[in-house]
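J.: Before anything else, here's the structure in question.
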Amino acid sequence: MNKIIATNHAPGAIGPYSQGICAGHTIFTSGQLPLSPEGHLETADIRKAATLSLDNVKAILAEGGATMRDVVKTTVFLTDLQDFAAVNEVYATYFEGAPPARSCVQVAALPRGAKVEIEAIAVISE
């Protein structure tokens with residue numbers, strides 16, 4: 001049975017979706033924009049934006065009983081691949097040891113004019 005994951009430590013959904021879903025031992029986060037839990041969008045600084053997105057992923061995982069060490073796959077959406085190196089600098093600080101598998105794609109636009117969105121899949125050890 002799937003369990004909805006919801007936390008006040010990440011922004012609420014801006015559409016008809018859950019922050020995260022736990023299916024068995026696997027947690028799927030929705031894509032996290034660089035929004036503070038209070039709803040402030042970071043657009044000026046891509047490093048701060050990536051930090052907010054990853055902090056949101058981390059908070060959702062924590063609510064589901066997982067950590068960033070449990071992440072096996074992420075997807076990073078960028079509106080400008082020129083931001084790739086800056087996002088990588090921030091991203092690398094969130095994963096100890098071997099980082100998870102990842103895809104990174106440039107998209108035409110993201111909700112609310114965001115420059116980055118990050119989603120994750122984590123597997124909780126038994």
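Letters A, B, ... go to the chains of the structure tokens in the order shown; residues in each chain start at 1; ligands are counted from 1 in the same order.
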Using only C-alpha atoms, which residues sit within 12 Å of Val90 (chain A) once same-chain residues fewer than 3 positions away are excluded, as number ranges by chain?
T.: A: 45-55, 83-87, 93-95
J.: Counting only C-alpha atoms, which of A:Ala44, A:Val76, A:Leu33, A:Ala114 gets nearest to Ala101 (chain A)?
T.: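 Going through A:Ala44, A:Val76, A:Leu33, A:Ala114 one by one, the smallest distance to Ala101 (chain A) is for A:Val76.
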J.: Determine, counting only C-alpha atoms, which protein, DNA and RNA residues have an atom within 12 Å of an atom of Leu61 (chain A); residues of the same chain fewer than 2 positions away are not included. Present the result as an NGL selection string.
T.: :A and (4-7 or 9-10 or 19-22 or 25-30 or 32 or 54-59 or 63-71 or 119-124)
J.: Choose the residue, out of A:Ala62, A:His40, A:Tyr17, A:Ser103, that has the smallest atom-to-atom separation from Thr74 (chain A); count only C-alpha atoms.
T.: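 Closest to Thr74 (chain A), using only C-alpha atoms: A:Ser103.
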J.: Within 7 Å of Val107 (chain A), counting only C-alpha atoms, which residues qualify if same-chain residues fewer than 6 places away don't, as a PDB file with all heavy atoms, in the first residue's frame?
T.:
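Now in result.pdb:
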ATOM      1  N   PHE A  77      16.355  19.043 -13.443  1.00  0.00           N
ATOM      2  CA  PHE A  77      15.830  19.804 -14.571  1.00  0.00           C
ATOM      3  C   PHE A  77      16.375  21.225 -14.468  1.00  0.00           C
ATOM      4  O   PHE A  77      16.234  21.858 -13.423  1.00  0.00           O
ATOM      5  CB  PHE A  77      14.295  19.846 -14.531  1.00  0.00           C
ATOM      6  CG  PHE A  77      13.657  18.484 -14.519  1.00  0.00           C
ATOM      7  CD1 PHE A  77      13.326  17.883 -13.312  1.00  0.00           C
ATOM      8  CD2 PHE A  77      13.400  17.794 -15.696  1.00  0.00           C
ATOM      9  CE1 PHE A  77      12.736  16.621 -13.286  1.00  0.00           C
ATOM     10  CE2 PHE A  77      12.816  16.536 -15.671  1.00  0.00           C
ATOM     11  CZ  PHE A  77      12.482  15.946 -14.467  1.00  0.00           C
ATOM     12  N   LEU A  78      16.998  21.709 -15.534  1.00  0.00           N
ATOM     13  CA  LEU A  78      17.541  23.058 -15.575  1.00  0.00           C
ATOM     14  C   LEU A  78      16.950  23.803 -16.764  1.00  0.00           C
ATOM     15  O   LEU A  78      16.775  23.218 -17.840  1.00  0.00           O
ATOM     16  CB  LEU A  78      19.062  23.035 -15.742  1.00  0.00           C
ATOM     17  CG  LEU A  78      19.886  22.405 -14.629  1.00  0.00           C
ATOM     18  CD1 LEU A  78      21.343  22.277 -15.050  1.00  0.00           C
ATOM     19  CD2 LEU A  78      19.765  23.252 -13.371  1.00  0.00           C
ATOM     20  N   THR A  79      16.685  25.082 -16.589  1.00  0.00           N
ATOM     21  CA  THR A  79      16.227  25.875 -17.724  1.00  0.00           C
ATOM     22  C   THR A  79      17.401  26.383 -18.549  1.00  0.00           C
ATOM     23  O   THR A  79      17.212  26.862 -19.665  1.00  0.00           O
ATOM     24  CB  THR A  79      15.357  27.071 -17.276  1.00  0.00           C
ATOM     25  OG1 THR A  79      16.103  27.874 -16.369  1.00  0.00           O
ATOM     26  CG2 THR A  79      14.055  26.588 -16.642  1.00  0.00           C
TER      27      THR A  79
END
